[in-house]
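Visitor: Sharing input-v3.tsv below, TSV, N, CA and C atoms:
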```tsv
chain	number	residue	atom	x	y	z
F	1	MET	N	68.61	53.25	177.51
F	1	MET	CA	68.32	53.57	176.12
F	1	MET	C	68.91	52.51	175.21
F	2	THR	N	68.15	52.04	174.26
F	2	THR	CA	68.61	51.06	173.30
F	2	THR	C	69.41	51.75	172.20
F	3	THR	N	70.47	51.09	171.74
F	3	THR	CA	71.27	51.62	170.65
F	3	THR	C	71.39	50.56	169.56
F	4	TRP	N	71.83	51.00	168.39
F	4	TRP	CA	72.09	50.08	167.29
F	4	TRP	C	73.34	49.29	167.60
F	5	THR	N	73.38	48.04	167.21
F	5	THR	CA	74.62	47.27	167.29
F	5	THR	C	75.49	47.66	166.09
F	6	ASP	N	76.78	47.36	166.18
F	6	ASP	CA	77.68	47.63	165.05
F	6	ASP	C	77.22	46.88	163.81
F	7	ASP	N	76.77	45.64	163.99
F	7	ASP	CA	76.30	44.84	162.86
F	7	ASP	C	75.05	45.47	162.22
F	8	GLU	N	74.10	45.91	163.04
F	8	GLU	CA	72.90	46.55	162.50
F	8	GLU	C	73.25	47.81	161.73
F	9	LEU	N	74.12	48.65	162.31
F	9	LEU	CA	74.53	49.88	161.62
F	9	LEU	C	75.19	49.57	160.29
F	10	ALA	N	76.03	48.58	160.25
F	10	ALA	CA	76.71	48.21	159.00
F	10	ALA	C	75.71	47.70	157.97
F	11	ARG	N	74.81	46.84	158.39
F	11	ARG	CA	73.84	46.26	157.45
F	11	ARG	C	72.86	47.30	156.93
F	12	ILE	N	72.35	48.15	157.82
F	12	ILE	CA	71.44	49.21	157.39
F	12	ILE	C	72.19	50.21	156.51
F	13	GLY	N	73.41	50.54	156.89
F	13	GLY	CA	74.21	51.47	156.11
F	13	GLY	C	74.49	50.99	154.69
F	14	ARG	N	74.66	49.68	154.54
F	14	ARG	CA	74.91	49.10	153.19
F	14	ARG	C	73.63	48.93	152.38
F	15	ALA	N	72.50	48.86	153.04
F	15	ALA	CA	71.23	48.63	152.32
F	15	ALA	C	70.92	49.81	151.40
F	16	ASN	N	70.52	49.51	150.19
F	16	ASN	CA	70.18	50.56	149.24
F	16	ASN	C	68.87	51.25	149.62
F	17	GLU	N	67.96	50.49	150.19
F	17	GLU	CA	66.66	51.04	150.57
F	17	GLU	C	66.24	50.50	151.93
F	18	LEU	N	65.30	51.18	152.51
F	18	LEU	CA	64.74	50.79	153.79
F	18	LEU	C	63.22	50.79	153.65
F	19	GLN	N	62.59	49.87	154.33
F	19	GLN	CA	61.13	49.87	154.40
F	19	GLN	C	60.76	50.40	155.78
F	20	ILE	N	59.80	51.32	155.79
F	20	ILE	CA	59.42	51.99	157.03
F	20	ILE	C	57.90	51.97	157.17
F	21	ALA	N	57.43	51.72	158.38
F	21	ALA	CA	55.99	51.71	158.66
F	21	ALA	C	55.77	52.38	160.01
F	22	SER	N	54.81	53.27	160.06
F	22	SER	CA	54.45	53.89	161.34
F	22	SER	C	53.31	53.09	161.97
F	23	ARG	N	53.12	53.32	163.25
F	23	ARG	CA	52.05	52.63	163.98
F	23	ARG	C	50.79	53.48	164.01
F	24	ARG	N	49.68	52.77	163.87
F	24	ARG	CA	48.37	53.41	164.05
F	24	ARG	C	48.11	53.58	165.55
F	25	PRO	N	47.10	54.38	165.90
F	25	PRO	CA	46.78	54.55	167.33
F	25	PRO	C	46.49	53.23	168.06
F	26	ASP	N	45.98	52.23	167.34
F	26	ASP	CA	45.69	50.95	167.98
F	26	ASP	C	46.93	50.05	168.10
F	27	GLY	N	48.09	50.54	167.63
F	27	GLY	CA	49.33	49.78	167.74
F	27	GLY	C	49.67	48.95	166.51
F	28	SER	N	48.74	48.79	165.60
F	28	SER	CA	49.02	48.03	164.38
F	28	SER	C	49.90	48.85	163.44
F	29	LEU	N	50.63	48.15	162.59
F	29	LEU	CA	51.51	48.82	161.63
F	29	LEU	C	50.76	49.21	160.37
F	30	ARG	N	51.06	50.37	159.87
F	30	ARG	CA	50.59	50.77	158.54
F	30	ARG	C	51.43	50.01	157.51
F	31	PRO	N	51.03	50.01	156.25
F	31	PRO	CA	51.84	49.35	155.22
F	31	PRO	C	53.24	49.98	155.13
F	32	PHE	N	54.23	49.15	154.84
F	32	PHE	CA	55.60	49.62	154.69
F	32	PHE	C	55.73	50.47	153.42
F	33	VAL	N	56.56	51.50	153.51
F	33	VAL	CA	56.90	52.38	152.39
F	33	VAL	C	58.41	52.23	152.19
F	34	THR	N	58.84	52.15	150.94
F	34	THR	CA	60.26	52.00	150.63
F	34	THR	C	60.88	53.37	150.39
F	35	ILE	N	61.99	53.65	151.11
F	35	ILE	CA	62.68	54.93	151.00
F	35	ILE	C	64.18	54.71	151.08
F	36	TRP	N	64.94	55.79	150.84
F	36	TRP	CA	66.38	55.76	151.02
F	36	TRP	C	66.72	55.96	152.49
F	37	VAL	N	67.87	55.45	152.90
F	37	VAL	CA	68.34	55.53	154.28
F	37	VAL	C	69.83	55.78	154.30
F	38	VAL	N	70.31	56.55	155.27
F	38	VAL	CA	71.74	56.74	155.43
F	38	VAL	C	72.13	56.58	156.90
F	39	ARG	N	73.38	56.24	157.04
F	39	ARG	CA	74.00	56.17	158.36
F	39	ARG	C	74.97	57.34	158.47
F	40	SER	N	74.95	57.99	159.61
F	40	SER	CA	75.93	59.02	159.91
F	40	SER	C	76.43	58.75	161.33
F	41	GLY	N	77.68	58.32	161.44
F	41	GLY	CA	78.20	57.92	162.74
F	41	GLY	C	77.45	56.71	163.26
F	42	ASP	N	76.94	56.81	164.47
F	42	ASP	CA	76.18	55.71	165.07
F	42	ASP	C	74.68	55.93	164.99
F	43	ASP	N	74.26	56.77	164.04
F	43	ASP	CA	72.83	57.06	163.88
F	43	ASP	C	72.36	56.73	162.48
F	44	VAL	N	71.06	56.53	162.36
F	44	VAL	CA	70.40	56.21	161.10
F	44	VAL	C	69.36	57.28	160.83
F	45	TYR	N	69.35	57.78	159.57
F	45	TYR	CA	68.45	58.86	159.19
F	45	TYR	C	67.67	58.53	157.93
F	46	VAL	N	66.47	59.04	157.87
F	46	VAL	CA	65.66	58.99	156.65
F	46	VAL	C	65.12	60.39	156.40
F	47	ARG	N	64.80	60.64	155.13
F	47	ARG	CA	64.19	61.91	154.72
F	47	ARG	C	63.10	61.61	153.71
F	48	SER	N	62.13	62.48	153.71
F	48	SER	CA	61.06	62.38	152.72
F	48	SER	C	61.50	63.07	151.43
F	49	ALA	N	61.65	62.32	150.37
F	49	ALA	CA	62.05	62.88	149.08
F	49	ALA	C	60.94	63.75	148.49
F	50	HIS	N	59.73	63.58	148.95
F	50	HIS	CA	58.61	64.34	148.40
F	50	HIS	C	58.10	65.39	149.38
F	51	GLY	N	58.96	65.80	150.30
F	51	GLY	CA	58.67	66.93	151.15
F	51	GLY	C	57.99	66.61	152.46
F	52	TYR	N	57.87	67.65	153.24
F	52	TYR	CA	57.33	67.59	154.60
F	52	TYR	C	55.88	67.10	154.63
F	53	ALA	N	55.12	67.41	153.60
F	53	ALA	CA	53.70	67.03	153.58
F	53	ALA	C	53.47	65.59	153.13
F	54	ASN	N	54.51	64.88	152.74
F	54	ASN	CA	54.36	63.51	152.27
F	54	ASN	C	53.60	62.70	153.33
F	55	PRO	N	52.57	61.95	152.92
F	55	PRO	CA	51.74	61.23	153.90
F	55	PRO	C	52.51	60.29	154.83
F	56	TRP	N	53.48	59.52	154.31
F	56	TRP	CA	54.20	58.61	155.22
F	56	TRP	C	54.95	59.39	156.28
F	57	PHE	N	55.51	60.54	155.89
F	57	PHE	CA	56.27	61.35	156.83
F	57	PHE	C	55.34	61.94	157.90
F	58	GLN	N	54.21	62.45	157.49
F	58	GLN	CA	53.25	63.01	158.44
F	58	GLN	C	52.75	61.95	159.42
F	59	ARG	N	52.52	60.75	158.92
F	59	ARG	CA	52.09	59.66	159.83
F	59	ARG	C	53.20	59.32	160.83
F	60	ALA	N	54.44	59.33	160.36
F	60	ALA	CA	55.57	59.05	161.25
F	60	ALA	C	55.70	60.14	162.31
F	61	LEU	N	55.53	61.39	161.91
F	61	LEU	CA	55.59	62.49	162.88
F	61	LEU	C	54.50	62.36	163.94
F	62	LYS	N	53.33	61.97	163.51
F	62	LYS	CA	52.21	61.87	164.45
F	62	LYS	C	52.39	60.69	165.40
F	63	SER	N	52.82	59.56	164.88
F	63	SER	CA	52.91	58.36	165.72
F	63	SER	C	54.19	58.32	166.55
F	64	ARG	N	55.31	58.81	165.96
F	64	ARG	CA	56.63	58.76	166.60
F	64	ARG	C	57.09	57.34	166.90
F	65	ASP	N	56.42	56.36	166.31
F	65	ASP	CA	56.71	54.96	166.60
F	65	ASP	C	56.46	54.13	165.36
F	66	GLY	N	57.32	53.15	165.09
F	66	GLY	CA	57.11	52.30	163.94
F	66	GLY	C	58.08	51.16	163.87
F	67	ARG	N	58.28	50.68	162.65
F	67	ARG	CA	59.14	49.52	162.41
F	67	ARG	C	59.87	49.75	161.09
F	68	ILE	N	61.12	49.26	161.04
F	68	ILE	CA	61.90	49.35	159.80
F	68	ILE	C	62.44	47.99	159.43
F	69	ARG	N	62.73	47.85	158.13
F	69	ARG	CA	63.39	46.65	157.60
F	69	ARG	C	64.42	47.13	156.58
F	70	ALA	N	65.66	46.67	156.75
F	70	ALA	CA	66.72	47.02	155.80
F	70	ALA	C	67.92	46.12	156.03
F	71	GLY	N	68.49	45.62	154.97
F	71	GLY	CA	69.71	44.83	155.07
F	71	GLY	C	69.60	43.61	155.96
F	72	GLY	N	68.41	43.04	156.05
F	72	GLY	CA	68.20	41.89	156.90
F	72	GLY	C	67.93	42.24	158.35
F	73	VAL	N	67.87	43.52	158.67
F	73	VAL	CA	67.56	43.99	160.02
F	73	VAL	C	66.10	44.40	160.06
F	74	GLU	N	65.39	43.95	161.07
F	74	GLU	CA	64.01	44.39	161.29
F	74	GLU	C	63.90	44.79	162.75
F	75	ARG	N	63.51	46.05	163.00
F	75	ARG	CA	63.48	46.58	164.36
F	75	ARG	C	62.32	47.54	164.54
F	76	ASP	N	61.78	47.55	165.75
F	76	ASP	CA	60.89	48.62	166.15
F	76	ASP	C	61.76	49.84	166.41
F	77	VAL	N	61.26	51.01	166.02
F	77	VAL	CA	62.03	52.24	166.16
F	77	VAL	C	61.16	53.38	166.65
F	78	ALA	N	61.83	54.37	167.21
F	78	ALA	CA	61.21	55.66	167.50
F	78	ALA	C	61.63	56.62	166.40
F	79	PHE	N	60.72	57.47	165.98
F	79	PHE	CA	61.03	58.51	164.99
F	79	PHE	C	61.31	59.79	165.76
F	80	GLU	N	62.56	60.23	165.73
F	80	GLU	CA	62.97	61.40	166.49
F	80	GLU	C	63.39	62.54	165.57
F	81	ASP	N	63.25	63.76	166.06
F	81	ASP	CA	63.76	64.92	165.35
F	81	ASP	C	65.28	64.91	165.45
F	82	PRO	N	65.98	65.26	164.39
F	82	PRO	CA	67.44	65.30	164.46
F	82	PRO	C	67.91	66.57	165.16
F	83	VAL	N	69.15	66.55	165.63
F	83	VAL	CA	69.73	67.79	166.16
F	83	VAL	C	69.97	68.72	164.98
F	84	PRO	N	69.81	70.03	165.17
F	84	PRO	CA	69.88	70.98	164.04
F	84	PRO	C	71.17	70.95	163.24
F	85	ASP	N	72.31	70.71	163.87
F	85	ASP	CA	73.58	70.81	163.15
F	85	ASP	C	73.99	69.54	162.41
F	86	ILE	N	73.11	68.58	162.31
F	86	ILE	CA	73.45	67.30	161.68
F	86	ILE	C	73.23	67.32	160.16
F	87	HIS	N	72.52	68.29	159.63
F	87	HIS	CA	72.10	68.24	158.23
F	87	HIS	C	73.26	68.16	157.24
F	88	GLY	N	74.36	68.84	157.50
F	88	GLY	CA	75.52	68.75	156.60
F	88	GLY	C	76.07	67.34	156.53
F	89	ASP	N	76.16	66.68	157.68
F	89	ASP	CA	76.66	65.30	157.71
F	89	ASP	C	75.69	64.35	157.01
F	90	VAL	N	74.41	64.55	157.21
F	90	VAL	CA	73.41	63.69	156.57
F	90	VAL	C	73.40	63.93	155.07
F	91	ASP	N	73.50	65.20	154.64
F	91	ASP	CA	73.61	65.50	153.21
F	91	ASP	C	74.80	64.77	152.60
F	92	ALA	N	75.95	64.84	153.28
F	92	ALA	CA	77.17	64.18	152.77
F	92	ALA	C	76.95	62.68	152.64
F	93	ALA	N	76.29	62.08	153.63
F	93	ALA	CA	76.03	60.64	153.58
F	93	ALA	C	75.13	60.29	152.40
F	94	TYR	N	74.11	61.12	152.14
F	94	TYR	CA	73.25	60.88	150.98
F	94	TYR	C	74.04	60.99	149.68
F	95	HIS	N	74.92	61.98	149.58
F	95	HIS	CA	75.74	62.14	148.37
F	95	HIS	C	76.63	60.93	148.15
F	96	VAL	N	77.32	60.49	149.18
F	96	VAL	CA	78.22	59.34	149.05
F	96	VAL	C	77.46	58.11	148.59
F	97	LYS	N	76.31	57.89	149.19
F	97	LYS	CA	75.58	56.65	148.93
F	97	LYS	C	74.77	56.68	147.63
F	98	TYR	N	74.21	57.84	147.28
F	98	TYR	CA	73.22	57.87	146.19
F	98	TYR	C	73.57	58.77	145.00
F	99	ASP	N	74.72	59.41	144.98
F	99	ASP	CA	75.05	60.28	143.84
F	99	ASP	C	75.01	59.55	142.51
F	100	ARG	N	75.18	58.25	142.53
F	100	ARG	CA	75.15	57.49	141.27
F	100	ARG	C	73.81	57.60	140.55
F	101	TYR	N	72.78	58.05	141.25
F	101	TYR	CA	71.46	58.23	140.63
F	101	TYR	C	71.29	59.60	139.99
F	102	GLY	N	72.28	60.46	140.12
F	102	GLY	CA	72.26	61.75	139.47
F	102	GLY	C	71.73	62.87	140.37
F	103	PRO	N	72.08	64.12	139.99
F	103	PRO	CA	71.74	65.26	140.83
F	103	PRO	C	70.24	65.50	141.00
F	104	ARG	N	69.46	65.16	139.99
F	104	ARG	CA	68.01	65.37	140.10
F	104	ARG	C	67.42	64.51	141.21
F	105	MET	N	67.84	63.26	141.27
F	105	MET	CA	67.31	62.35	142.29
F	105	MET	C	67.87	62.70	143.67
F	106	VAL	N	69.17	62.88	143.77
F	106	VAL	CA	69.79	63.16	145.06
F	106	VAL	C	69.32	64.52	145.59
F	107	GLY	N	69.04	65.44	144.68
F	107	GLY	CA	68.57	66.76	145.09
F	107	GLY	C	67.30	66.72	145.92
F	108	THR	N	66.52	65.66	145.76
F	108	THR	CA	65.27	65.56	146.52
F	108	THR	C	65.50	65.27	148.00
F	109	VAL	N	66.71	64.79	148.35
F	109	VAL	CA	66.98	64.45	149.75
F	109	VAL	C	68.10	65.30	150.37
F	110	VAL	N	68.59	66.30	149.65
F	110	VAL	CA	69.62	67.17	150.21
F	110	VAL	C	69.24	68.64	150.12
F	111	SER	N	68.00	68.93	149.90
F	111	SER	CA	67.51	70.30	149.79
F	111	SER	C	67.08	70.84	151.16
F	112	PRO	N	66.91	72.15	151.29
F	112	PRO	CA	66.37	72.70	152.54
F	112	PRO	C	65.02	72.08	152.92
F	113	GLU	N	64.19	71.78	151.93
F	113	GLU	CA	62.91	71.13	152.22
F	113	GLU	C	63.14	69.73	152.79
F	114	ALA	N	64.13	69.03	152.25
F	114	ALA	CA	64.44	67.70	152.77
F	114	ALA	C	64.95	67.78	154.21
F	115	HIS	N	65.68	68.84	154.52
F	115	HIS	CA	66.14	69.01	155.91
F	115	HIS	C	64.95	69.04	156.87
F	116	ARG	N	63.88	69.68	156.46
F	116	ARG	CA	62.67	69.76	157.29
F	116	ARG	C	62.04	68.39	157.50
F	117	SER	N	62.29	67.49	156.58
F	117	SER	CA	61.64	66.17	156.65
F	117	SER	C	62.65	65.07	156.98
F	118	THR	N	63.52	65.35	157.92
F	118	THR	CA	64.54	64.40	158.38
F	118	THR	C	64.09	63.77	159.69
F	119	LEU	N	64.23	62.47	159.78
F	119	LEU	CA	63.95	61.74	161.03
F	119	LEU	C	65.16	60.91	161.40
F	120	ARG	N	65.48	60.91	162.66
F	120	ARG	CA	66.49	60.02	163.22
F	120	ARG	C	65.76	58.79	163.72
F	121	LEU	N	66.24	57.62	163.31
F	121	LEU	CA	65.61	56.36	163.72
F	121	LEU	C	66.36	55.80	164.92
F	122	MET	N	65.64	55.61	166.01
F	122	MET	CA	66.25	55.09	167.23
F	122	MET	C	65.62	53.74	167.55
F	123	PRO	N	66.45	52.71	167.71
F	123	PRO	CA	65.89	51.37	167.99
F	123	PRO	C	65.20	51.34	169.35
F	124	ARG	N	64.15	50.54	169.41
F	124	ARG	CA	63.43	50.35	170.68
F	124	ARG	C	63.79	49.00	171.24
```
Would you mind writing the file out in structure tokens?

Guide:
Amino acid sequence: MTTWTDDELARIGRANELQIASRRPDGSLRPFVTIWVVRSGDDVYVRSAHGYANPWFQRALKSRDGRIRAGGVERDVAFEDPVPDIHGDVDAAYHVKYDRYGPRMVGTVVSPEAHRSTLRLMPR
């Protein structure tokens, strides 16, 4: 199993935003979408700020495969479901990193709906 290097985790963790693209059935990449990203321990997580039905999120769920760019790191990744008990840690990471944008903005990624739209990014 491939894991993130310490350098990749640090660079992605410091990046304010991440670009994410899922793969089409033919293997080509869809256009990149810019979203927020957090690191929790040795894992990287993203959430859909616009809910479970957000098109980029649905495409990621369907493909389970894509590519990310953040902090000078570009990697192919698998989109995995998080373990159920991780949401508190991921919420805390979003608060630490993005609270400066105010409760209205951060609320979009720390709500119960946002928990439903959480993906763990695993390097390939």

Visitor: Neighbours of F:Ala53 within 12 Å (only C-alpha atoms; same-chain residues fewer than 4 positions away dropped), as number ranges by chain?

Guide: F: 47-49, 57-61, 113-114, 116-117

Visitor: Which one is closest to F:Tyr98: F:Trp4, F:Trp56, F:Trp36, F:Phe79? Count only C-alpha atoms.

Guide: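 Of F:Trp4, F:Trp56, F:Trp36, F:Phe79, the one nearest F:Tyr98 is F:Trp36, counting only C-alpha atoms.
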
Visitor: Rounded to one decimal in Å, what is the spacing between atom CA of F:Val38 and atom C of F:His50?

Guide: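 Interatomic distance here is 17.2 Å.
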
Visitor: Write out as a PDB file with N, CA and C atoms, in the coordinates of the input the residues lying within 10 Å of F:Glu8, counting only C-alpha atoms and excluding same-chain residues fewer than 5 positions away.

Guide:
```pdb
ATOM      1  N   THR F   3      70.470  51.090 171.740  1.00  0.00           N
ATOM      2  CA  THR F   3      71.270  51.620 170.650  1.00  0.00           C
ATOM      3  C   THR F   3      71.390  50.560 169.560  1.00  0.00           C
ATOM      4  N   GLY F  13      73.410  50.540 156.890  1.00  0.00           N
ATOM      5  CA  GLY F  13      74.210  51.470 156.110  1.00  0.00           C
ATOM      6  C   GLY F  13      74.490  50.990 154.690  1.00  0.00           C
ATOM      7  N   ARG F  14      74.660  49.680 154.540  1.00  0.00           N
ATOM      8  CA  ARG F  14      74.910  49.100 153.190  1.00  0.00           C
ATOM      9  C   ARG F  14      73.630  48.930 152.380  1.00  0.00           C
ATOM     10  N   ALA F  70      65.660  46.670 156.750  1.00  0.00           N
ATOM     11  CA  ALA F  70      66.720  47.020 155.800  1.00  0.00           C
ATOM     12  C   ALA F  70      67.920  46.120 156.030  1.00  0.00           C
ATOM     13  N   GLY F  71      68.490  45.620 154.970  1.00  0.00           N
ATOM     14  CA  GLY F  71      69.710  44.830 155.070  1.00  0.00           C
ATOM     15  C   GLY F  71      69.600  43.610 155.960  1.00  0.00           C
ATOM     16  N   GLY F  72      68.410  43.040 156.050  1.00  0.00           N
ATOM     17  CA  GLY F  72      68.200  41.890 156.900  1.00  0.00           C
ATOM     18  C   GLY F  72      67.930  42.240 158.350  1.00  0.00           C
ATOM     19  N   VAL F  73      67.870  43.520 158.670  1.00  0.00           N
ATOM     20  CA  VAL F  73      67.560  43.990 160.020  1.00  0.00           C
ATOM     21  C   VAL F  73      66.100  44.400 160.060  1.00  0.00           C
ATOM     22  N   GLU F  74      65.390  43.950 161.070  1.00  0.00           N
ATOM     23  CA  GLU F  74      64.010  44.390 161.290  1.00  0.00           C
ATOM     24  C   GLU F  74      63.900  44.790 162.750  1.00  0.00           C
ATOM     25  N   ARG F  75      63.510  46.050 163.000  1.00  0.00           N
ATOM     26  CA  ARG F  75      63.480  46.580 164.360  1.00  0.00           C
ATOM     27  C   ARG F  75      62.320  47.540 164.540  1.00  0.00           C
TER      28      ARG F  75
END
```

Visitor: Would you mind telling me which residue in F:Gly27, F:Pro123, F:Thr108, F:Ala21 lies nearest to F:Gly51 when using all atoms listed in the file?

Guide: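 Going through F:Gly27, F:Pro123, F:Thr108, F:Ala21 one by one, the smallest distance to F:Gly51 is for F:Thr108.
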
Visitor: To test your reading of the structure, identify every residue in chain F that backbone DSSP assigns to strand (DSSP E), and report it as a VMD selection string.

Guide: chain F and resid 18 to 22 33 to 35 37 to 40 43 to 47 65 to 70 73 to 80 118 to 123

Visitor: Please write the residues from the selection above to a file, keeping N, CA and C atoms, as a CSV table (one decimal), keeping the file's coordinate frame.

Guide:
```csv
chain,number,residue,atom,x,y,z
F,18,LEU,N,65.3,51.2,152.5
F,18,LEU,CA,64.7,50.8,153.8
F,18,LEU,C,63.2,50.8,153.6
F,19,GLN,N,62.6,49.9,154.3
F,19,GLN,CA,61.1,49.9,154.4
F,19,GLN,C,60.8,50.4,155.8
F,20,ILE,N,59.8,51.3,155.8
F,20,ILE,CA,59.4,52.0,157.0
F,20,ILE,C,57.9,52.0,157.2
F,21,ALA,N,57.4,51.7,158.4
F,21,ALA,CA,56.0,51.7,158.7
F,21,ALA,C,55.8,52.4,160.0
F,22,SER,N,54.8,53.3,160.1
F,22,SER,CA,54.4,53.9,161.3
F,22,SER,C,53.3,53.1,162.0
F,33,VAL,N,56.6,51.5,153.5
F,33,VAL,CA,56.9,52.4,152.4
F,33,VAL,C,58.4,52.2,152.2
F,34,THR,N,58.8,52.2,150.9
F,34,THR,CA,60.3,52.0,150.6
F,34,THR,C,60.9,53.4,150.4
F,35,ILE,N,62.0,53.6,151.1
F,35,ILE,CA,62.7,54.9,151.0
F,35,ILE,C,64.2,54.7,151.1
F,37,VAL,N,67.9,55.4,152.9
F,37,VAL,CA,68.3,55.5,154.3
F,37,VAL,C,69.8,55.8,154.3
F,38,VAL,N,70.3,56.6,155.3
F,38,VAL,CA,71.7,56.7,155.4
F,38,VAL,C,72.1,56.6,156.9
F,39,ARG,N,73.4,56.2,157.0
F,39,ARG,CA,74.0,56.2,158.4
F,39,ARG,C,75.0,57.3,158.5
F,40,SER,N,75.0,58.0,159.6
F,40,SER,CA,75.9,59.0,159.9
F,40,SER,C,76.4,58.8,161.3
F,43,ASP,N,74.3,56.8,164.0
F,43,ASP,CA,72.8,57.1,163.9
F,43,ASP,C,72.4,56.7,162.5
F,44,VAL,N,71.1,56.5,162.4
F,44,VAL,CA,70.4,56.2,161.1
F,44,VAL,C,69.4,57.3,160.8
F,45,TYR,N,69.4,57.8,159.6
F,45,TYR,CA,68.4,58.9,159.2
F,45,TYR,C,67.7,58.5,157.9
F,46,VAL,N,66.5,59.0,157.9
F,46,VAL,CA,65.7,59.0,156.6
F,46,VAL,C,65.1,60.4,156.4
F,47,ARG,N,64.8,60.6,155.1
F,47,ARG,CA,64.2,61.9,154.7
F,47,ARG,C,63.1,61.6,153.7
F,65,ASP,N,56.4,56.4,166.3
F,65,ASP,CA,56.7,55.0,166.6
F,65,ASP,C,56.5,54.1,165.4
F,66,GLY,N,57.3,53.2,165.1
F,66,GLY,CA,57.1,52.3,163.9
F,66,GLY,C,58.1,51.2,163.9
F,67,ARG,N,58.3,50.7,162.6
F,67,ARG,CA,59.1,49.5,162.4
F,67,ARG,C,59.9,49.8,161.1
F,68,ILE,N,61.1,49.3,161.0
F,68,ILE,CA,61.9,49.4,159.8
F,68,ILE,C,62.4,48.0,159.4
F,69,ARG,N,62.7,47.8,158.1
F,69,ARG,CA,63.4,46.6,157.6
F,69,ARG,C,64.4,47.1,156.6
F,70,ALA,N,65.7,46.7,156.8
F,70,ALA,CA,66.7,47.0,155.8
F,70,ALA,C,67.9,46.1,156.0
F,73,VAL,N,67.9,43.5,158.7
F,73,VAL,CA,67.6,44.0,160.0
F,73,VAL,C,66.1,44.4,160.1
F,74,GLU,N,65.4,44.0,161.1
F,74,GLU,CA,64.0,44.4,161.3
F,74,GLU,C,63.9,44.8,162.8
F,75,ARG,N,63.5,46.0,163.0
F,75,ARG,CA,63.5,46.6,164.4
F,75,ARG,C,62.3,47.5,164.5
F,76,ASP,N,61.8,47.6,165.8
F,76,ASP,CA,60.9,48.6,166.2
F,76,ASP,C,61.8,49.8,166.4
F,77,VAL,N,61.3,51.0,166.0
F,77,VAL,CA,62.0,52.2,166.2
F,77,VAL,C,61.2,53.4,166.6
F,78,ALA,N,61.8,54.4,167.2
F,78,ALA,CA,61.2,55.7,167.5
F,78,ALA,C,61.6,56.6,166.4
F,79,PHE,N,60.7,57.5,166.0
F,79,PHE,CA,61.0,58.5,165.0
F,79,PHE,C,61.3,59.8,165.8
F,80,GLU,N,62.6,60.2,165.7
F,80,GLU,CA,63.0,61.4,166.5
F,80,GLU,C,63.4,62.5,165.6
F,118,THR,N,63.5,65.4,157.9
F,118,THR,CA,64.5,64.4,158.4
F,118,THR,C,64.1,63.8,159.7
F,119,LEU,N,64.2,62.5,159.8
F,119,LEU,CA,64.0,61.7,161.0
F,119,LEU,C,65.2,60.9,161.4
F,120,ARG,N,65.5,60.9,162.7
F,120,ARG,CA,66.5,60.0,163.2
F,120,ARG,C,65.8,58.8,163.7
F,121,LEU,N,66.2,57.6,163.3
F,121,LEU,CA,65.6,56.4,163.7
F,121,LEU,C,66.4,55.8,164.9
F,122,MET,N,65.6,55.6,166.0
F,122,MET,CA,66.2,55.1,167.2
F,122,MET,C,65.6,53.7,167.6
F,123,PRO,N,66.4,52.7,167.7
F,123,PRO,CA,65.9,51.4,168.0
F,123,PRO,C,65.2,51.3,169.4
```

Visitor: What's the separation between atom N of F:Asp76 and atom CA of F:Leu9, in Å to one decimal place?

Guide: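 Computing the Euclidean distance for atom N of F:Asp76 and atom CA of F:Leu9 yields 13.6 Å.
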
Visitor: From the options F:Thr5, F:Ser22, F:Asp99, F:Asn16, which residue's atoms come nearest to F:Arg67, counting all atoms listed in the file?

Guide: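 The closest residue to F:Arg67 is F:Ser22.
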
Visitor: Given only N, CA and C atoms as the basis, pick out the residue of F:Tyr94, F:Asp26, F:Ile20, F:Glu80 nearest to F:Arg39.

Guide: F:Tyr94

Visitor: DSSP on the backbone: what in chain F comes out helix (DSSP H, G or I), as an NGL selection string?

Guide: :F and (6-14 or 55-63 or 84-101 or 103-109 or 112-116)

Visitor: In the coordinates of the file, take the point (66.3, 68.0, 166.7) and a cut-off of 12 Å; then, counting only C-alpha atoms, name each qualifying protein, DNA or RNA residue as JSON, numbers by chain.

Guide: {"F": [79, 80, 81, 82, 83, 84, 85, 86, 87, 115, 116, 117, 118, 119, 120]}

Visitor: One decimal, in Å: what's the spacing between atom CA of F:Gly66 and atom N of F:Arg11?

Guide: 19.3 Å

Visitor: Select, from F:Lys97, F:Arg124, F:Arg69, F:Arg104, the residue with the minimum atom-to-atom distance to F:Val33, counting only C-alpha atoms.

Guide: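 Of F:Lys97, F:Arg124, F:Arg69, F:Arg104, the one nearest F:Val33, counting only C-alpha atoms, is F:Arg69.
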
Visitor: Check the smallest atom-to-atom distance from each of F:Pro103, F:Pro31, F:Pro112, F:Gly41 to F:Ile68 using only C-alpha atoms, then report the winner.

Guide: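 When distances to F:Ile68 are compared using only C-alpha atoms, the smallest one comes from F:Pro31.
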